[in-house]
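For reference, start26.pdb is printed below; it contains PDB, C-alpha atoms and all ligand atoms.
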ATOM      1  CA  MET A   1      -6.107 -73.755  61.376  1.00  0.00           C
ATOM      2  CA  PHE A   2      -4.386 -70.369  61.440  1.00  0.00           C
ATOM      3  CA  ILE A   3      -4.605 -67.821  58.629  1.00  0.00           C
ATOM      4  CA  LEU A   4      -2.110 -64.964  58.805  1.00  0.00           C
ATOM      5  CA  ILE A   5      -2.690 -62.143  56.320  1.00  0.00           C
ATOM      6  CA  ASN A   6       0.486 -60.174  55.626  1.00  0.00           C
ATOM      7  CA  LEU A   7      -0.495 -56.842  54.055  1.00  0.00           C
ATOM      8  CA  LYS A   8       3.169 -56.072  53.222  1.00  0.00           C
ATOM      9  CA  THR A   9       3.499 -52.565  51.731  1.00  0.00           C
ATOM     10  CA  TYR A  10       0.538 -53.086  49.433  1.00  0.00           C
ATOM     11  CA  VAL A  11      -1.663 -50.041  48.957  1.00  0.00           C
ATOM     12  CA  CYS A  12      -4.857 -51.247  50.586  1.00  0.00           C
ATOM     13  CA  ASP A  13      -7.298 -50.299  53.328  1.00  0.00           C
ATOM     14  CA  SER A  14      -5.727 -52.104  56.297  1.00  0.00           C
ATOM     15  CA  VAL A  15      -8.534 -51.213  58.693  1.00  0.00           C
ATOM     16  CA  GLU A  16     -11.248 -52.379  56.314  1.00  0.00           C
ATOM     17  CA  ILE A  17      -9.421 -55.680  55.746  1.00  0.00           C
ATOM     18  CA  ALA A  18      -8.999 -56.014  59.527  1.00  0.00           C
ATOM     19  CA  ARG A  19     -12.749 -55.560  60.085  1.00  0.00           C
ATOM     20  CA  ILE A  20     -13.514 -58.155  57.413  1.00  0.00           C
ATOM     21  CA  ALA A  21     -10.980 -60.581  58.904  1.00  0.00           C
ATOM     22  CA  LYS A  22     -12.512 -60.202  62.348  1.00  0.00           C
ATOM     23  CA  ASP A  23     -16.038 -60.884  61.014  1.00  0.00           C
ATOM     24  CA  VAL A  24     -14.944 -63.857  58.919  1.00  0.00           C
ATOM     25  CA  SER A  25     -12.934 -65.274  61.821  1.00  0.00           C
ATOM     26  CA  GLU A  26     -16.009 -65.159  64.068  1.00  0.00           C
ATOM     27  CA  GLU A  27     -18.341 -66.450  61.351  1.00  0.00           C
ATOM     28  CA  PHE A  28     -16.182 -69.477  60.481  1.00  0.00           C
ATOM     29  CA  GLY A  29     -14.634 -70.048  63.912  1.00  0.00           C
ATOM     30  CA  VAL A  30     -11.142 -69.917  62.373  1.00  0.00           C
ATOM     31  CA  ARG A  31      -8.148 -68.111  63.835  1.00  0.00           C
ATOM     32  CA  ILE A  32      -7.296 -65.226  61.480  1.00  0.00           C
ATOM     33  CA  ALA A  33      -4.697 -62.516  62.138  1.00  0.00           C
ATOM     34  CA  VAL A  34      -3.725 -59.431  60.137  1.00  0.00           C
ATOM     35  CA  ALA A  35      -0.182 -58.042  59.856  1.00  0.00           C
ATOM     36  CA  PRO A  36      -0.330 -54.452  58.539  1.00  0.00           C
ATOM     37  CA  GLN A  37       2.521 -51.986  58.026  1.00  0.00           C
ATOM     38  CA  ALA A  38       3.891 -50.708  61.347  1.00  0.00           C
ATOM     39  CA  MET A  39       2.134 -47.338  61.112  1.00  0.00           C
ATOM     40  CA  TYR A  40      -1.290 -49.008  60.911  1.00  0.00           C
ATOM     41  CA  LEU A  41      -0.781 -51.469  63.779  1.00  0.00           C
ATOM     42  CA  LYS A  42      -2.667 -49.386  66.313  1.00  0.00           C
ATOM     43  CA  ASP A  43      -5.677 -48.741  64.036  1.00  0.00           C
ATOM     44  CA  VAL A  44      -5.851 -52.387  63.037  1.00  0.00           C
ATOM     45  CA  ALA A  45      -5.585 -53.590  66.653  1.00  0.00           C
ATOM     46  CA  GLU A  46      -8.446 -51.257  67.597  1.00  0.00           C
ATOM     47  CA  THR A  47     -10.805 -53.184  65.280  1.00  0.00           C
ATOM     48  CA  GLY A  48     -10.422 -56.130  67.659  1.00  0.00           C
ATOM     49  CA  VAL A  49      -8.873 -58.418  65.045  1.00  0.00           C
ATOM     50  CA  GLU A  50      -5.831 -60.421  66.148  1.00  0.00           C
ATOM     51  CA  THR A  51      -2.983 -58.160  65.046  1.00  0.00           C
ATOM     52  CA  TRP A  52       0.582 -59.159  64.167  1.00  0.00           C
ATOM     53  CA  ALA A  53       3.692 -57.221  63.206  1.00  0.00           C
ATOM     54  CA  GLN A  54       5.461 -57.913  59.904  1.00  0.00           C
ATOM     55  CA  HIS A  55       8.861 -57.739  61.607  1.00  0.00           C
ATOM     56  CA  ILE A  56      10.532 -57.021  64.933  1.00  0.00           C
ATOM     57  CA  ASP A  57      14.009 -55.655  65.514  1.00  0.00           C
ATOM     58  CA  THR A  58      16.477 -56.791  68.092  1.00  0.00           C
ATOM     59  CA  ILE A  59      18.078 -53.954  70.014  1.00  0.00           C
ATOM     60  CA  SER A  60      20.930 -53.465  72.419  1.00  0.00           C
ATOM     61  CA  GLY A  61      20.746 -50.968  75.253  1.00  0.00           C
ATOM     62  CA  ASN A  62      18.195 -48.164  75.352  1.00  0.00           C
ATOM     63  CA  ALA A  63      19.367 -45.973  72.507  1.00  0.00           C
ATOM     64  CA  ASN A  64      18.313 -47.418  69.146  1.00  0.00           C
ATOM     65  CA  THR A  65      16.924 -45.465  66.223  1.00  0.00           C
ATOM     66  CA  GLY A  66      14.207 -46.537  63.819  1.00  0.00           C
ATOM     67  CA  ARG A  67      13.570 -49.911  65.441  1.00  0.00           C
ATOM     68  CA  VAL A  68      10.331 -51.750  66.185  1.00  0.00           C
ATOM     69  CA  THR A  69      10.602 -53.611  69.475  1.00  0.00           C
ATOM     70  CA  ALA A  70       8.678 -56.559  70.898  1.00  0.00           C
ATOM     71  CA  ASN A  71       8.414 -54.731  74.196  1.00  0.00           C
ATOM     72  CA  GLU A  72       6.473 -51.803  72.718  1.00  0.00           C
ATOM     73  CA  LEU A  73       4.450 -53.987  70.364  1.00  0.00           C
ATOM     74  CA  SER A  74       3.235 -56.142  73.226  1.00  0.00           C
ATOM     75  CA  ARG A  75       2.176 -53.005  75.121  1.00  0.00           C
ATOM     76  CA  MET A  76      -0.007 -52.183  72.076  1.00  0.00           C
ATOM     77  CA  ASP A  77      -1.613 -55.637  72.317  1.00  0.00           C
ATOM     78  CA  ILE A  78       0.122 -56.932  69.185  1.00  0.00           C
ATOM     79  CA  LYS A  79      -0.090 -60.708  69.511  1.00  0.00           C
ATOM     80  CA  GLY A  80       2.809 -61.836  67.383  1.00  0.00           C
ATOM     81  CA  SER A  81       5.298 -61.137  64.645  1.00  0.00           C
ATOM     82  CA  ILE A  82       6.477 -62.604  61.392  1.00  0.00           C
ATOM     83  CA  VAL A  83      10.236 -63.153  61.579  1.00  0.00           C
ATOM     84  CA  ASN A  84      12.685 -63.673  58.698  1.00  0.00           C
ATOM     85  CA  HIS A  85      10.180 -63.140  55.919  1.00  0.00           C
ATOM     86  CA  SER A  86      11.744 -63.696  52.511  1.00  0.00           C
ATOM     87  CA  GLU A  87      11.490 -59.947  51.924  1.00  0.00           C
ATOM     88  CA  ARG A  88      13.113 -59.194  55.308  1.00  0.00           C
ATOM     89  CA  ARG A  89      15.812 -61.842  55.787  1.00  0.00           C
ATOM     90  CA  LEU A  90      17.779 -62.140  59.013  1.00  0.00           C
ATOM     91  CA  LEU A  91      20.810 -64.056  60.201  1.00  0.00           C
ATOM     92  CA  LEU A  92      20.136 -67.183  62.265  1.00  0.00           C
ATOM     93  CA  ALA A  93      21.468 -65.474  65.403  1.00  0.00           C
ATOM     94  CA  GLU A  94      19.099 -62.546  64.836  1.00  0.00           C
ATOM     95  CA  ILE A  95      16.140 -64.883  64.310  1.00  0.00           C
ATOM     96  CA  ASP A  96      17.044 -66.575  67.591  1.00  0.00           C
ATOM     97  CA  GLU A  97      17.058 -63.225  69.408  1.00  0.00           C
ATOM     98  CA  CYS A  98      13.744 -62.156  67.849  1.00  0.00           C
ATOM     99  CA  VAL A  99      12.041 -65.410  68.869  1.00  0.00           C
ATOM    100  CA  ARG A 100      13.320 -65.092  72.454  1.00  0.00           C
ATOM    101  CA  ASP A 101      12.500 -61.425  72.682  1.00  0.00           C
ATOM    102  CA  ALA A 102       8.970 -61.984  71.406  1.00  0.00           C
ATOM    103  CA  PHE A 103       8.491 -64.900  73.807  1.00  0.00           C
ATOM    104  CA  GLU A 104       9.721 -62.870  76.782  1.00  0.00           C
ATOM    105  CA  ASN A 105       7.204 -60.176  75.868  1.00  0.00           C
ATOM    106  CA  GLY A 106       4.316 -62.610  75.541  1.00  0.00           C
ATOM    107  CA  MET A 107       4.218 -62.500  71.745  1.00  0.00           C
ATOM    108  CA  GLU A 108       4.059 -65.404  69.296  1.00  0.00           C
ATOM    109  CA  THR A 109       6.278 -65.815  66.240  1.00  0.00           C
ATOM    110  CA  VAL A 110       5.984 -67.288  62.771  1.00  0.00           C
ATOM    111  CA  VAL A 111       9.491 -67.807  61.409  1.00  0.00           C
ATOM    112  CA  CYS A 112       9.642 -68.052  57.620  1.00  0.00           C
ATOM    113  CA  ALA A 113      12.021 -70.213  55.613  1.00  0.00           C
ATOM    114  CA  ASN A 114      12.708 -70.701  51.912  1.00  0.00           C
ATOM    115  CA  ASN A 115      13.173 -74.460  51.899  1.00  0.00           C
ATOM    116  CA  PRO A 116      12.929 -77.618  54.061  1.00  0.00           C
ATOM    117  CA  ASN A 117      16.557 -77.354  55.289  1.00  0.00           C
ATOM    118  CA  GLN A 118      15.968 -73.853  56.557  1.00  0.00           C
ATOM    119  CA  ILE A 119      12.715 -75.046  58.133  1.00  0.00           C
ATOM    120  CA  ALA A 120      14.741 -77.574  60.158  1.00  0.00           C
ATOM    121  CA  ALA A 121      17.205 -74.874  61.241  1.00  0.00           C
ATOM    122  CA  VAL A 122      14.577 -72.374  62.376  1.00  0.00           C
ATOM    123  CA  THR A 123      12.429 -75.018  64.082  1.00  0.00           C
ATOM    124  CA  THR A 124      15.311 -75.619  66.508  1.00  0.00           C
ATOM    125  CA  LEU A 125      14.839 -72.037  67.732  1.00  0.00           C
ATOM    126  CA  GLY A 126      11.416 -72.900  69.138  1.00  0.00           C
ATOM    127  CA  PRO A 127       9.051 -70.398  67.488  1.00  0.00           C
ATOM    128  CA  ASN A 128       5.282 -70.892  67.724  1.00  0.00           C
ATOM    129  CA  PHE A 129       5.042 -71.634  63.990  1.00  0.00           C
ATOM    130  CA  VAL A 130       7.359 -72.008  61.040  1.00  0.00           C
ATOM    131  CA  ALA A 131       6.268 -71.102  57.501  1.00  0.00           C
ATOM    132  CA  ILE A 132       7.537 -72.546  54.246  1.00  0.00           C
ATOM    133  CA  GLU A 133       7.538 -69.980  51.434  1.00  0.00           C
ATOM    134  CA  PRO A 134       9.527 -70.649  48.249  1.00  0.00           C
ATOM    135  CA  PRO A 135      10.478 -67.078  47.192  1.00  0.00           C
ATOM    136  CA  GLU A 136       9.948 -67.668  43.481  1.00  0.00           C
ATOM    137  CA  LEU A 137       6.233 -68.360  44.075  1.00  0.00           C
ATOM    138  CA  ILE A 138       5.570 -65.421  46.395  1.00  0.00           C
ATOM    139  CA  GLY A 139       3.109 -63.010  44.782  1.00  0.00           C
ATOM    140  CA  SER A 140       2.973 -65.202  41.677  1.00  0.00           C
ATOM    141  CA  GLY A 141      -0.612 -66.399  42.005  1.00  0.00           C
ATOM    142  CA  ILE A 142       0.795 -69.914  41.538  1.00  0.00           C
ATOM    143  CA  PRO A 143       0.002 -71.795  44.757  1.00  0.00           C
ATOM    144  CA  VAL A 144       2.927 -73.519  46.446  1.00  0.00           C
ATOM    145  CA  SER A 145       0.550 -76.227  47.642  1.00  0.00           C
ATOM    146  CA  LYS A 146      -0.079 -77.224  44.025  1.00  0.00           C
ATOM    147  CA  ALA A 147       3.092 -76.149  42.199  1.00  0.00           C
ATOM    148  CA  ALA A 148       5.558 -77.507  44.763  1.00  0.00           C
ATOM    149  CA  PRO A 149       3.738 -80.048  46.950  1.00  0.00           C
ATOM    150  CA  ASP A 150       6.969 -81.942  47.674  1.00  0.00           C
ATOM    151  CA  ILE A 151       8.546 -78.851  49.215  1.00  0.00           C
ATOM    152  CA  VAL A 152       5.586 -78.426  51.554  1.00  0.00           C
ATOM    153  CA  LYS A 153       5.586 -82.117  52.471  1.00  0.00           C
ATOM    154  CA  GLU A 154       9.355 -82.123  53.099  1.00  0.00           C
ATOM    155  CA  ALA A 155       9.063 -78.949  55.174  1.00  0.00           C
ATOM    156  CA  VAL A 156       6.403 -80.604  57.338  1.00  0.00           C
ATOM    157  CA  GLU A 157       8.646 -83.652  57.784  1.00  0.00           C
ATOM    158  CA  SER A 158      11.713 -81.509  58.556  1.00  0.00           C
ATOM    159  CA  ALA A 159       9.880 -79.588  61.253  1.00  0.00           C
ATOM    160  CA  LYS A 160       8.404 -82.779  62.707  1.00  0.00           C
ATOM    161  CA  ARG A 161      11.837 -84.374  63.019  1.00  0.00           C
ATOM    162  CA  ILE A 162      13.055 -81.429  65.113  1.00  0.00           C
ATOM    163  CA  ASP A 163       9.898 -80.682  67.102  1.00  0.00           C
ATOM    164  CA  PRO A 164       6.535 -82.288  66.298  1.00  0.00           C
ATOM    165  CA  ASN A 165       4.759 -79.623  68.355  1.00  0.00           C
ATOM    166  CA  ILE A 166       5.669 -76.733  66.075  1.00  0.00           C
ATOM    167  CA  PRO A 167       3.044 -76.377  63.333  1.00  0.00           C
ATOM    168  CA  VAL A 168       4.026 -75.546  59.769  1.00  0.00           C
ATOM    169  CA  LEU A 169       2.233 -72.844  57.812  1.00  0.00           C
ATOM    170  CA  CYS A 170       2.466 -72.701  54.067  1.00  0.00           C
ATOM    171  CA  GLY A 171       2.583 -69.585  51.909  1.00  0.00           C
ATOM    172  CA  ALA A 172       3.180 -68.239  48.400  1.00  0.00           C
ATOM    173  CA  GLY A 173       0.571 -67.882  45.707  1.00  0.00           C
ATOM    174  CA  ILE A 174      -2.320 -69.094  47.872  1.00  0.00           C
ATOM    175  CA  SER A 175      -5.620 -67.499  46.910  1.00  0.00           C
ATOM    176  CA  THR A 176      -8.416 -70.075  46.779  1.00  0.00           C
ATOM    177  CA  GLY A 177     -10.107 -72.586  49.058  1.00  0.00           C
ATOM    178  CA  GLU A 178      -8.731 -75.330  46.855  1.00  0.00           C
ATOM    179  CA  ASP A 179      -5.151 -74.076  47.477  1.00  0.00           C
ATOM    180  CA  VAL A 180      -5.837 -74.103  51.218  1.00  0.00           C
ATOM    181  CA  SER A 181      -7.260 -77.652  51.136  1.00  0.00           C
ATOM    182  CA  ALA A 182      -4.213 -78.830  49.191  1.00  0.00           C
ATOM    183  CA  ALA A 183      -1.917 -77.278  51.827  1.00  0.00           C
ATOM    184  CA  ILE A 184      -3.811 -78.900  54.686  1.00  0.00           C
ATOM    185  CA  ARG A 185      -3.682 -82.288  52.943  1.00  0.00           C
ATOM    186  CA  LEU A 186       0.119 -81.898  52.764  1.00  0.00           C
ATOM    187  CA  GLY A 187       0.295 -81.425  56.528  1.00  0.00           C
ATOM    188  CA  ALA A 188       0.259 -77.621  56.856  1.00  0.00           C
ATOM    189  CA  LYS A 189      -1.694 -76.277  59.831  1.00  0.00           C
ATOM    190  CA  GLY A 190      -2.412 -72.925  58.277  1.00  0.00           C
ATOM    191  CA  ILE A 191      -1.658 -70.353  55.628  1.00  0.00           C
ATOM    192  CA  LEU A 192       0.442 -67.224  55.320  1.00  0.00           C
ATOM    193  CA  LEU A 193      -0.859 -65.096  52.468  1.00  0.00           C
ATOM    194  CA  ALA A 194      -0.719 -61.567  51.120  1.00  0.00           C
ATOM    195  CA  SER A 195      -1.627 -60.579  47.553  1.00  0.00           C
ATOM    196  CA  GLY A 196      -4.710 -62.834  47.384  1.00  0.00           C
ATOM    197  CA  ILE A 197      -6.344 -60.563  49.976  1.00  0.00           C
ATOM    198  CA  ALA A 198      -4.442 -57.248  49.853  1.00  0.00           C
ATOM    199  CA  LYS A 199      -4.729 -56.904  46.064  1.00  0.00           C
ATOM    200  CA  SER A 200      -8.233 -58.310  45.753  1.00  0.00           C
ATOM    201  CA  ASN A 201     -11.102 -56.080  44.587  1.00  0.00           C
ATOM    202  CA  SER A 202     -13.184 -57.813  47.233  1.00  0.00           C
ATOM    203  CA  PRO A 203     -11.124 -58.913  50.254  1.00  0.00           C
ATOM    204  CA  SER A 204     -14.336 -60.155  51.863  1.00  0.00           C
ATOM    205  CA  LYS A 205     -15.136 -62.478  48.960  1.00  0.00           C
ATOM    206  CA  ALA A 206     -11.474 -63.566  48.744  1.00  0.00           C
ATOM    207  CA  LEU A 207     -11.229 -64.412  52.439  1.00  0.00           C
ATOM    208  CA  ARG A 208     -14.557 -66.212  52.546  1.00  0.00           C
ATOM    209  CA  GLY A 209     -13.516 -68.114  49.422  1.00  0.00           C
ATOM    210  CA  LEU A 210     -10.480 -69.457  51.263  1.00  0.00           C
ATOM    211  CA  LEU A 211     -12.662 -70.977  53.950  1.00  0.00           C
ATOM    212  CA  GLU A 212     -15.843 -72.044  52.194  1.00  0.00           C
TER     213      GLU A 212
HETATM  214  O1  LIG B   1       3.870 -63.375  53.669  1.00  0.00           O
HETATM  215  C1  LIG B   1       3.035 -63.930  52.723  1.00  0.00           C
HETATM  216  C2  LIG B   1       3.698 -64.141  51.455  1.00  0.00           C
HETATM  217  O2  LIG B   1       4.998 -63.847  51.251  1.00  0.00           O
HETATM  218  C3  LIG B   1       2.968 -64.794  50.372  1.00  0.00           C
HETATM  219  O3  LIG B   1       2.617 -63.782  49.499  1.00  0.00           O
HETATM  220  O4  LIG B   1       1.276 -62.736  47.785  1.00  0.00           O
HETATM  221  O5  LIG B   1       2.103 -65.048  47.449  1.00  0.00           O
HETATM  222  O6  LIG B   1       0.302 -64.618  49.113  1.00  0.00           O
HETATM  223  P1  LIG B   1       1.513 -64.080  48.399  1.00  0.00           P
END
This structure in structure tokens:
Amino acid sequence: MFILINLKTYVCDSVEIARIAKDVSEEFGVRIAVAPQAMYLKDVAETGVETWAQHIDTISGNANTGRVTANELSRMDIKGSIVNHSERRLLLAEIDECVRDAFENGMETVVCANNPNQIAAVTTLGPNFVAIEPPELIGSGIPVSKAAPDIVKEAVESAKRIDPNIPVLCGAGISTGEDVSAAIRLGAKGILLASGIAKSNSPSKALRGLLE
């Protein structure tokens, strides 16, 4: 199981959440990674937690302004990147470039998709994971694994038809252990979540609650 915590632009203590995630990962023997805002990547990586970027940019040539590149991220020991998050949509050709660029720099990718058809399309690009996240449930507190189980199941089937070796993560509204169990029962191999941890008064309790 893989739990990827996307801290988005939430006002939270990224380093504290990273330390908690590292401890909980070791305690439960579960792979947990944290994706903070770009300016906190270095501090979060220094805690020793597996650290991911929220986005990478594709570039052409050497002169590009305001871009975050896989090449530099990998030099900072950033293990992977979310690509095509619902809040940072890309064109299919750009997703393709991001996945290749990350791969060439030794980084993993989770490519997000809104629905099972998009899951099929992005699975063909060969990322390490795909993630199904219906946008209307993101940040809602209503778990996709319970509110839209058919979407998760269809996404798992769509990905399997294209490449059975690419695991599907499930995200949107996940905040409890029960939501996680429901996702796993539907065939997801992990969870992509944000507000359940970043907005919690006790990220430690929230994260442990997901796994207990
Ligand atoms: O990237 C994770 C995400 O979009 C889900 O957000 O707040 O519903 O867990 P949330």
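For the residues A:Glu26, A:Glu133, A:Glu104, A:Glu94, ranking by smallest atom-to-atom distance to ligand LIG 1 (chain B) using only C-alpha atoms and all ligand atoms places A:Glu133 first.
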Original post:
Any idea what's packed within 8 Å of A:Ile5, counting all atoms listed in the file, ignoring anything in its chain fewer than 4 positions away? Could you give it as number ranges by chain?
Top reply: A: 32-35, 192-194, 197
Listing only residues of chain A within 8 Å of ligand LIG 1 (chain B), what is the closest atom pair and its distance in Å (to one decimal) for each, using only C-alpha atoms and all ligand atoms, sorted by chain and residue number ascending, as a tab-separated table?
residue	atom	partner	partner_atom	distance
A:Ile5	CA	B:LIG1	C1	7.0
A:Asn6	CA	B:LIG1	O1	5.1
A:Leu7	CA	B:LIG1	O1	7.9
A:Lys8	CA	B:LIG1	O1	7.4
A:His85	CA	B:LIG1	O1	6.7
A:Ser86	CA	B:LIG1	O2	6.9
A:Glu87	CA	B:LIG1	O2	7.6
A:Glu133	CA	B:LIG1	O2	6.6
A:Pro135	CA	B:LIG1	O2	7.5
A:Leu137	CA	B:LIG1	O5	6.3
A:Ile138	CA	B:LIG1	O5	3.6
A:Gly139	CA	B:LIG1	O5	3.5
A:Ser140	CA	B:LIG1	O5	5.8
A:Gly141	CA	B:LIG1	O5	6.2
A:Ile142	CA	B:LIG1	O5	7.8
A:Pro143	CA	B:LIG1	O5	7.6
A:Gly171	CA	B:LIG1	C3	5.0
A:Ala172	CA	B:LIG1	O5	3.5
A:Gly173	CA	B:LIG1	O5	3.7
A:Ile174	CA	B:LIG1	O6	5.3
A:Ser175	CA	B:LIG1	O6	6.9
A:Leu192	CA	B:LIG1	C1	4.9
A:Leu193	CA	B:LIG1	O6	3.6
A:Ala194	CA	B:LIG1	O6	3.8
A:Ser195	CA	B:LIG1	O4	3.6
A:Gly196	CA	B:LIG1	O6	5.6
A:Ile197	CA	B:LIG1	O6	7.8
Mind checking which residues fall within 10 Å of A:Arg89, counting all atoms listed in the file, ignoring those fewer than 4 positions away in the same chain, and posting them as an mmCIF file with C-alpha atoms, in the frame of the given file?
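Below is the file around-v9.cif, written as the result:
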data_model
loop_
_atom_site.group_PDB
_atom_site.id
_atom_site.type_symbol
_atom_site.label_atom_id
_atom_site.label_comp_id
_atom_site.auth_asym_id
_atom_site.auth_seq_id
_atom_site.Cartn_x
_atom_site.Cartn_y
_atom_site.Cartn_z
ATOM 1 C CA HIS A 55 8.861 -57.739 61.607
ATOM 2 C CA VAL A 83 10.236 -63.153 61.579
ATOM 3 C CA ASN A 84 12.685 -63.673 58.698
ATOM 4 C CA HIS A 85 10.180 -63.140 55.919
ATOM 5 C CA GLU A 94 19.099 -62.546 64.836
ATOM 6 C CA ILE A 95 16.140 -64.883 64.310
ATOM 7 C CA CYS A 112 9.642 -68.052 57.620
ATOM 8 C CA ALA A 113 12.021 -70.213 55.613
#
Distance query A:Ser74 at most 8 Å, only C-alpha atoms, self and fewer than 5 positions along chain excluded, as a compact mmCIF listing (two decimals) with C-alpha atoms, in the coordinates of the input:
# COMPACT_ATOMS: atom_id res chain seq x y z
CA LYS A 79 -0.09 -60.71 69.51
CA ASN A 105 7.20 -60.18 75.87
CA GLY A 106 4.32 -62.61 75.54
CA MET A 107 4.22 -62.50 71.74
**OP:** Calculate how many Å separate atom CA of A:Ala38 from atom CA of A:Ile17, rounding to one decimal.
**Re:** 15.3 Å
Original post:
Within 7 Å of A:Ser158, counting all atoms listed in the file, which residues qualify if same-chain residues fewer than 2 places away don't, as a list in words?
Top reply: Pro116, Ile119, Ala120, Glu154, Ala155, Val156, Lys160, Arg161 and Ile162 of chain A
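Nearest to A:Val111 of all the residues A:Cys98, A:Val49, A:Val130, A:Ala21 is A:Val130, counting only C-alpha atoms.
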Original post:
How many Å lie between atom CA of A:Gly80 and atom CA of A:Leu41, rounded to one decimal?
Top reply: 11.5 Å
Subject >> Selection dump of the PyMOL selection byres (((chain A and resi 209) around 12) and not hetatm), as a VMD selection string >> reply: chain A and resid 24 28 174 to 181 196 to 197 200 202 to 208 210 to 212
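Shortest atom-to-atom contact with A:Arg100 among A:Thr51, A:Ser25, A:Asn165, A:Ser81: A:Ser81, counting only C-alpha atoms.
Put simply, atom CA of A:Thr109 is 6.4 Å away from atom CA of A:Phe129.
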What box, with edges along x, y and z, holds each listed atom of stretch 125-133 of chain A when 3 Å is added on every side, and can you state its centre and edge lengths in Å to one decimal, as AutoDock Vina command-line options?
--center_x 9.9 --center_y -71.4 --center_z 60.3 --size_x 15.8 --size_y 8.9 --size_z 23.7
Please rebuild stretch 62-78 of chain A with N, CA and C atoms and return the result as a PDB file, in the coordinates of the input.
ATOM      1  N   ASN A  62      19.427 -48.953  75.452  1.00  0.00           N
ATOM      2  CA  ASN A  62      18.195 -48.164  75.352  1.00  0.00           C
ATOM      3  C   ASN A  62      18.162 -47.261  74.130  1.00  0.00           C
ATOM      4  N   ALA A  63      19.334 -46.942  73.599  1.00  0.00           N
ATOM      5  CA  ALA A  63      19.367 -45.973  72.507  1.00  0.00           C
ATOM      6  C   ALA A  63      19.479 -46.691  71.166  1.00  0.00           C
ATOM      7  N   ASN A  64      18.344 -46.794  70.467  1.00  0.00           N
ATOM      8  CA  ASN A  64      18.313 -47.418  69.146  1.00  0.00           C
ATOM      9  C   ASN A  64      17.377 -46.570  68.288  1.00  0.00           C
ATOM     10  N   THR A  65      17.742 -46.356  67.060  1.00  0.00           N
ATOM     11  CA  THR A  65      16.924 -45.465  66.223  1.00  0.00           C
ATOM     12  C   THR A  65      16.229 -46.240  65.106  1.00  0.00           C
ATOM     13  N   GLY A  66      14.951 -45.951  64.929  1.00  0.00           N
ATOM     14  CA  GLY A  66      14.207 -46.537  63.819  1.00  0.00           C
ATOM     15  C   GLY A  66      13.926 -48.014  63.972  1.00  0.00           C
ATOM     16  N   ARG A  67      13.808 -48.476  65.192  1.00  0.00           N
ATOM     17  CA  ARG A  67      13.570 -49.911  65.441  1.00  0.00           C
ATOM     18  C   ARG A  67      12.144 -50.141  65.946  1.00  0.00           C
ATOM     19  N   VAL A  68      11.641 -51.338  65.679  1.00  0.00           N
ATOM     20  CA  VAL A  68      10.331 -51.750  66.185  1.00  0.00           C
ATOM     21  C   VAL A  68      10.584 -52.862  67.192  1.00  0.00           C
ATOM     22  N   THR A  69      10.219 -52.639  68.451  1.00  0.00           N
ATOM     23  CA  THR A  69      10.602 -53.611  69.475  1.00  0.00           C
ATOM     24  C   THR A  69       9.410 -54.436  69.969  1.00  0.00           C
ATOM     25  N   ALA A  70       9.714 -55.667  70.362  1.00  0.00           N
ATOM     26  CA  ALA A  70       8.678 -56.559  70.898  1.00  0.00           C
ATOM     27  C   ALA A  70       8.071 -55.963  72.159  1.00  0.00           C
ATOM     28  N   ASN A  71       8.898 -55.316  72.948  1.00  0.00           N
ATOM     29  CA  ASN A  71       8.414 -54.731  74.196  1.00  0.00           C
ATOM     30  C   ASN A  71       7.282 -53.727  73.937  1.00  0.00           C
ATOM     31  N   GLU A  72       7.504 -52.821  73.000  1.00  0.00           N
ATOM     32  CA  GLU A  72       6.473 -51.803  72.718  1.00  0.00           C
ATOM     33  C   GLU A  72       5.280 -52.410  71.990  1.00  0.00           C
ATOM     34  N   LEU A  73       5.557 -53.356  71.096  1.00  0.00           N
ATOM     35  CA  LEU A  73       4.450 -53.987  70.364  1.00  0.00           C
ATOM     36  C   LEU A  73       3.515 -54.690  71.339  1.00  0.00           C
ATOM     37  N   SER A  74       4.092 -55.395  72.299  1.00  0.00           N
ATOM     38  CA  SER A  74       3.235 -56.142  73.226  1.00  0.00           C
ATOM     39  C   SER A  74       2.405 -55.175  74.072  1.00  0.00           C
ATOM     40  N   ARG A  75       2.957 -53.999  74.359  1.00  0.00           N
ATOM     41  CA  ARG A  75       2.176 -53.005  75.121  1.00  0.00           C
ATOM     42  C   ARG A  75       0.999 -52.478  74.298  1.00  0.00           C
ATOM     43  N   MET A  76       1.094 -52.611  72.960  1.00  0.00           N
ATOM     44  CA  MET A  76      -0.007 -52.183  72.076  1.00  0.00           C
ATOM     45  C   MET A  76      -0.960 -53.330  71.784  1.00  0.00           C
ATOM     46  N   ASP A  77      -0.765 -54.458  72.500  1.00  0.00           N
ATOM     47  CA  ASP A  77      -1.613 -55.637  72.317  1.00  0.00           C
ATOM     48  C   ASP A  77      -1.419 -56.319  70.957  1.00  0.00           C
ATOM     49  N   ILE A  78      -0.208 -56.222  70.422  1.00  0.00           N
ATOM     50  CA  ILE A  78       0.122 -56.932  69.185  1.00  0.00           C
ATOM     51  C   ILE A  78       0.509 -58.356  69.593  1.00  0.00           C
TER      52      ILE A  78
END
